[in-house]
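A.B. asks: Input file: run_35.pdb. Contents: PDB, C-alpha atoms, pLDDT in the B column.
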ATOM      1  CA  MET A 532       0.000   0.000   0.000  1.00 76.00           C
ATOM      2  CA  LEU A 533       2.764   2.489   0.900  1.00 86.00           C
ATOM      3  CA  ALA A 534       4.727   1.659  -2.244  1.00 84.00           C
ATOM      4  CA  ALA A 535       1.730   2.466  -4.420  1.00 89.00           C
ATOM      5  CA  ARG A 536       1.399   5.933  -2.891  1.00 95.00           C
ATOM      6  CA  ILE A 537       4.998   6.718  -2.004  1.00 97.00           C
ATOM      7  CA  GLU A 538       5.310   9.596  -4.474  1.00 97.00           C
ATOM      8  CA  LEU A 539       2.369  11.434  -2.914  1.00 97.00           C
ATOM      9  CA  ILE A 540       3.564  10.615   0.622  1.00 97.00           C
ATOM     10  CA  LEU A 541       7.043  11.959  -0.131  1.00 98.00           C
ATOM     11  CA  LEU A 542       5.670  15.071  -1.810  1.00 98.00           C
ATOM     12  CA  LEU A 543       3.317  15.950   1.056  1.00 98.00           C
ATOM     13  CA  THR A 544       5.711  15.119   3.884  1.00 98.00           C
ATOM     14  CA  GLY A 545       8.517  16.844   2.001  1.00 98.00           C
ATOM     15  CA  LEU A 546       6.471  20.019   1.656  1.00 98.00           C
ATOM     16  CA  ALA A 547       5.587  19.926   5.354  1.00 97.00           C
ATOM     17  CA  THR A 548       9.229  19.380   6.282  1.00 98.00           C
ATOM     18  CA  ALA A 549      10.464  22.099   3.929  1.00 98.00           C
ATOM     19  CA  GLY A 550       8.192  24.470   5.832  1.00 96.00           C
ATOM     20  CA  ALA A 551      11.101  24.761   8.274  1.00 96.00           C
ATOM     21  CA  LEU A 552      12.303  27.474   5.915  1.00 97.00           C
ATOM     22  CA  ALA A 553      10.138  29.752   8.068  1.00 96.00           C
ATOM     23  CA  LEU A 554      12.624  29.156  10.886  1.00 95.00           C
ATOM     24  CA  VAL A 555      15.438  30.459   8.672  1.00 96.00           C
ATOM     25  CA  LEU A 556      13.480  33.551   7.723  1.00 96.00           C
ATOM     26  CA  ALA A 557      11.891  34.342  11.098  1.00 95.00           C
ATOM     27  CA  PRO A 558      13.709  32.389  13.818  1.00 95.00           C
ATOM     28  CA  VAL A 559      12.600  34.527  16.748  1.00 95.00           C
ATOM     29  CA  THR A 560       8.915  34.370  15.844  1.00 95.00           C
ATOM     30  CA  MET A 561       8.963  30.665  14.973  1.00 94.00           C
ATOM     31  CA  MET A 562      10.920  29.556  18.053  1.00 94.00           C
ATOM     32  CA  LYS A 563       8.534  31.572  20.229  1.00 94.00           C
ATOM     33  CA  LEU A 564       5.564  29.965  18.471  1.00 92.00           C
ATOM     34  CA  PHE A 565       6.920  26.403  18.636  1.00 90.00           C
ATOM     35  CA  PHE A 566       8.747  26.333  21.955  1.00 90.00           C
ATOM     36  CA  GLY A 567       7.483  29.364  23.842  1.00 90.00           C
ATOM     37  CA  GLN A 568      10.982  30.831  23.958  1.00 90.00           C
ATOM     38  CA  ALA A 569      12.874  33.012  21.532  1.00 91.00           C
ATOM     39  CA  PRO A 570      16.611  32.710  20.890  1.00 89.00           C
ATOM     40  CA  SER A 571      18.209  35.039  23.423  1.00 87.00           C
ATOM     41  CA  ASP A 572      21.633  35.620  21.885  1.00 93.00           C
ATOM     42  CA  ALA A 573      23.444  35.614  18.563  1.00 94.00           C
ATOM     43  CA  LEU A 574      24.617  32.009  18.921  1.00 95.00           C
ATOM     44  CA  SER A 575      21.113  30.698  19.648  1.00 94.00           C
ATOM     45  CA  LEU A 576      19.799  32.644  16.659  1.00 95.00           C
ATOM     46  CA  LEU A 577      22.506  31.175  14.413  1.00 96.00           C
ATOM     47  CA  ILE A 578      21.810  27.624  15.616  1.00 95.00           C
ATOM     48  CA  ALA A 579      18.047  28.036  15.147  1.00 94.00           C
ATOM     49  CA  ARG A 580      18.537  29.311  11.596  1.00 96.00           C
ATOM     50  CA  HIS A 581      21.014  26.548  10.776  1.00 97.00           C
ATOM     51  CA  TRP A 582      18.687  23.869  12.181  1.00 95.00           C
ATOM     52  CA  GLY A 583      15.814  25.295  10.128  1.00 96.00           C
ATOM     53  CA  LEU A 584      17.942  25.204   6.987  1.00 98.00           C
ATOM     54  CA  LEU A 585      18.996  21.594   7.547  1.00 97.00           C
ATOM     55  CA  VAL A 586      15.411  20.461   8.141  1.00 97.00           C
ATOM     56  CA  CYS A 587      14.276  22.416   5.073  1.00 98.00           C
ATOM     57  CA  LEU A 588      16.930  20.661   2.990  1.00 98.00           C
ATOM     58  CA  VAL A 589      15.694  17.257   4.197  1.00 98.00           C
ATOM     59  CA  GLY A 590      12.248  18.347   3.005  1.00 98.00           C
ATOM     60  CA  ALA A 591      13.667  19.346  -0.377  1.00 98.00           C
ATOM     61  CA  LEU A 592      15.338  15.941  -0.680  1.00 98.00           C
ATOM     62  CA  LEU A 593      12.036  14.215   0.114  1.00 98.00           C
ATOM     63  CA  ILE A 594      10.304  16.226  -2.616  1.00 98.00           C
ATOM     64  CA  TYR A 595      13.085  15.365  -5.076  1.00 98.00           C
ATOM     65  CA  ALA A 596      12.895  11.680  -4.078  1.00 98.00           C
ATOM     66  CA  ALA A 597       9.169  11.693  -4.890  1.00 97.00           C
ATOM     67  CA  TYR A 598      10.119  12.060  -8.562  1.00 97.00           C
ATOM     68  CA  HIS A 599      13.467  10.220  -8.589  1.00 97.00           C
ATOM     69  CA  ALA A 600      13.159   6.650  -7.328  1.00 96.00           C
ATOM     70  CA  GLU A 601      16.893   6.034  -7.666  1.00 97.00           C
ATOM     71  CA  ILE A 602      17.661   8.219  -4.628  1.00 97.00           C
ATOM     72  CA  ARG A 603      14.746   7.193  -2.404  1.00 97.00           C
ATOM     73  CA  VAL A 604      16.576   4.698  -0.219  1.00 97.00           C
ATOM     74  CA  PRO A 605      19.390   7.001   0.983  1.00 98.00           C
ATOM     75  CA  VAL A 606      17.014   9.971   1.319  1.00 98.00           C
ATOM     76  CA  LEU A 607      14.546   7.939   3.377  1.00 98.00           C
ATOM     77  CA  ILE A 608      17.333   6.632   5.605  1.00 98.00           C
ATOM     78  CA  VAL A 609      18.505  10.187   6.321  1.00 98.00           C
ATOM     79  CA  ALA A 610      14.960  11.538   6.735  1.00 98.00           C
ATOM     80  CA  SER A 611      13.996   8.657   9.046  1.00 98.00           C
ATOM     81  CA  ALA A 612      17.022   9.284  11.251  1.00 98.00           C
ATOM     82  CA  GLU A 613      16.410  13.056  11.366  1.00 97.00           C
ATOM     83  CA  LYS A 614      12.718  12.703  12.146  1.00 98.00           C
ATOM     84  CA  ALA A 615      13.161   9.919  14.712  1.00 98.00           C
ATOM     85  CA  ALA A 616      15.909  11.895  16.476  1.00 97.00           C
ATOM     86  CA  PHE A 617      13.754  15.023  16.596  1.00 97.00           C
ATOM     87  CA  ALA A 618      10.701  13.124  17.855  1.00 98.00           C
ATOM     88  CA  LEU A 619      12.689  11.285  20.521  1.00 97.00           C
ATOM     89  CA  GLY A 620      14.390  14.488  21.615  1.00 96.00           C
ATOM     90  CA  MET A 621      11.087  16.285  21.956  1.00 96.00           C
ATOM     91  CA  PHE A 622       9.353  13.387  23.742  1.00 97.00           C
ATOM     92  CA  LEU A 623      12.186  13.334  26.293  1.00 97.00           C
ATOM     93  CA  SER A 624      12.273  17.110  26.794  1.00 95.00           C
ATOM     94  CA  PRO A 625      10.113  19.339  28.967  1.00 94.00           C
ATOM     95  CA  PHE A 626       8.867  20.958  25.736  1.00 92.00           C
ATOM     96  CA  ARG A 627       6.683  17.867  25.102  1.00 92.00           C
ATOM     97  CA  ARG A 628       3.982  19.530  27.184  1.00 93.00           C
ATOM     98  CA  ARG A 629       3.516  22.231  24.543  1.00 94.00           C
ATOM     99  CA  PRO A 630       0.779  21.209  22.077  1.00 94.00           C
ATOM    100  CA  THR A 631       2.712  22.522  19.070  1.00 93.00           C
ATOM    101  CA  VAL A 632       5.848  20.576  19.991  1.00 95.00           C
ATOM    102  CA  LEU A 633       3.857  17.429  20.740  1.00 96.00           C
ATOM    103  CA  GLY A 634       2.129  17.739  17.362  1.00 96.00           C
ATOM    104  CA  MET A 635       5.431  18.169  15.518  1.00 96.00           C
ATOM    105  CA  ALA A 636       6.989  15.243  17.396  1.00 97.00           C
ATOM    106  CA  LEU A 637       4.033  12.966  16.671  1.00 98.00           C
ATOM    107  CA  ALA A 638       4.032  14.006  13.004  1.00 98.00           C
ATOM    108  CA  ASP A 639       7.760  13.349  12.648  1.00 98.00           C
ATOM    109  CA  ALA A 640       7.455  10.004  14.459  1.00 98.00           C
ATOM    110  CA  GLY A 641       4.648   9.038  12.077  1.00 98.00           C
ATOM    111  CA  MET A 642       6.664  10.099   9.031  1.00 98.00           C
ATOM    112  CA  ALA A 643       9.734   8.187  10.217  1.00 98.00           C
ATOM    113  CA  THR A 644       7.565   5.112  10.795  1.00 97.00           C
ATOM    114  CA  MET A 645       6.091   5.335   7.284  1.00 97.00           C
ATOM    115  CA  TYR A 646       9.531   5.748   5.728  1.00 97.00           C
ATOM    116  CA  VAL A 647      10.924   2.729   7.602  1.00 97.00           C
ATOM    117  CA  MET A 648       7.869   0.656   6.667  1.00 96.00           C
ATOM    118  CA  TYR A 649       8.428   1.555   3.024  1.00 96.00           C
ATOM    119  CA  LEU A 650      12.144   0.722   3.280  1.00 96.00           C
ATOM    120  CA  ILE A 651      11.501  -2.732   4.732  1.00 94.00           C
ATOM    121  CA  GLY A 652       8.735  -3.398   2.246  1.00 90.00           C
ATOM    122  CA  LEU A 653       5.644  -3.433   4.442  1.00 76.00           C
TER     123      LEU A 653
END
Let me see the file written as structure tokens.
C.D. replies:
Amino acid sequence: MLAARIELILLLTGLATAGALALVLAPVTMMKLFFGQAPSDALSLLIARHWGLLVCLVGALLIYAAYHAEIRVPVLIVASAEKAAFALGMFLSPFRRRPTVLGMALADAGMATMYVMYLIGL
């Protein structure tokens, strides 16, 4: 079932993931919205922007993989690791009590699960 719809799954989850570009463009606003705290110094601002860029690039790779089957396996391995690490980190942090963070963590955990299921052929 996943294999039959993988292009659409990758396109939609890639677009959602690429939405992290907002963190690059407006890190203070987005960090306040997501985590209830804004970066308080130049280093925190730099790290937030860099993290947003890296997540956005994973989203771009997912979108590209939707149309290029030859790169799906390595892209899904990287995306699964990134999303599982984020979800686990958020579930183990005090931020898990924030509805926005919980929603993002659950979404990323679900995406990682779908990607792994596709990779193992379920």
A.B. asks: Rounded to one decimal, what separation in Å do you get between CA of Gly652 (chain A) and CA of Lys614 (chain A)?
C.D. replies: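 CA of Gly652 (chain A) sits 19.3 Å away from CA of Lys614 (chain A).
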A.B. asks: Assuming the chain letters and numbering stay as they are in my file, what does the PyMOL selection byres ((chain A and resi 533-546) around 12) actually select? List them as a PyMOL selection string.
C.D. replies: chain A and resi 532+547-552+586-600+603-604+606-607+610-611+614+638-653
A.B. asks: Any chance you could work out the residue set of the PyMOL selection byres ((chain A and resi 554) around 12) here, as a ChimeraX atom specification?
C.D. replies: /A:548-553,555-565,569-570,576-587
A.B. asks: As an exercise, work out the distance from CA of Phe626 (chain A) to CA of Ala573 (chain A) in Å and give it to one decimal place.
C.D. replies: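 Distance between the two atoms: 21.9 Å.
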A.B. asks: Starting from the point (12.9, 17.0, 17.4), work out which residues of protein, DNA or RNA have an atom no more than 10 Å away when counting only C-alpha atoms; state them as a ChimeraX atom specification.
C.D. replies: /A:613-624,627,632-633,635-637,639-640
A.B. asks: Which of these, A:Phe566, A:Ile602, A:Ala612, A:Leu574, has the shortest distance to Arg629 (chain A) once you count only C-alpha atoms?
C.D. replies: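 Nearest candidate to Arg629 (chain A) out of A:Phe566, A:Ile602, A:Ala612, A:Leu574: A:Phe566.
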A.B. asks: Around all listed atoms of region 562-567 of chain A, padded 3 Å per side, what centre and edge lengths does the axis-aligned box have in Å to one decimal, as JSON?
C.D. replies:
{"center_x": 8.2, "center_y": 29.0, "center_z": 20.9, "size_x": 11.4, "size_y": 11.2, "size_z": 11.8}
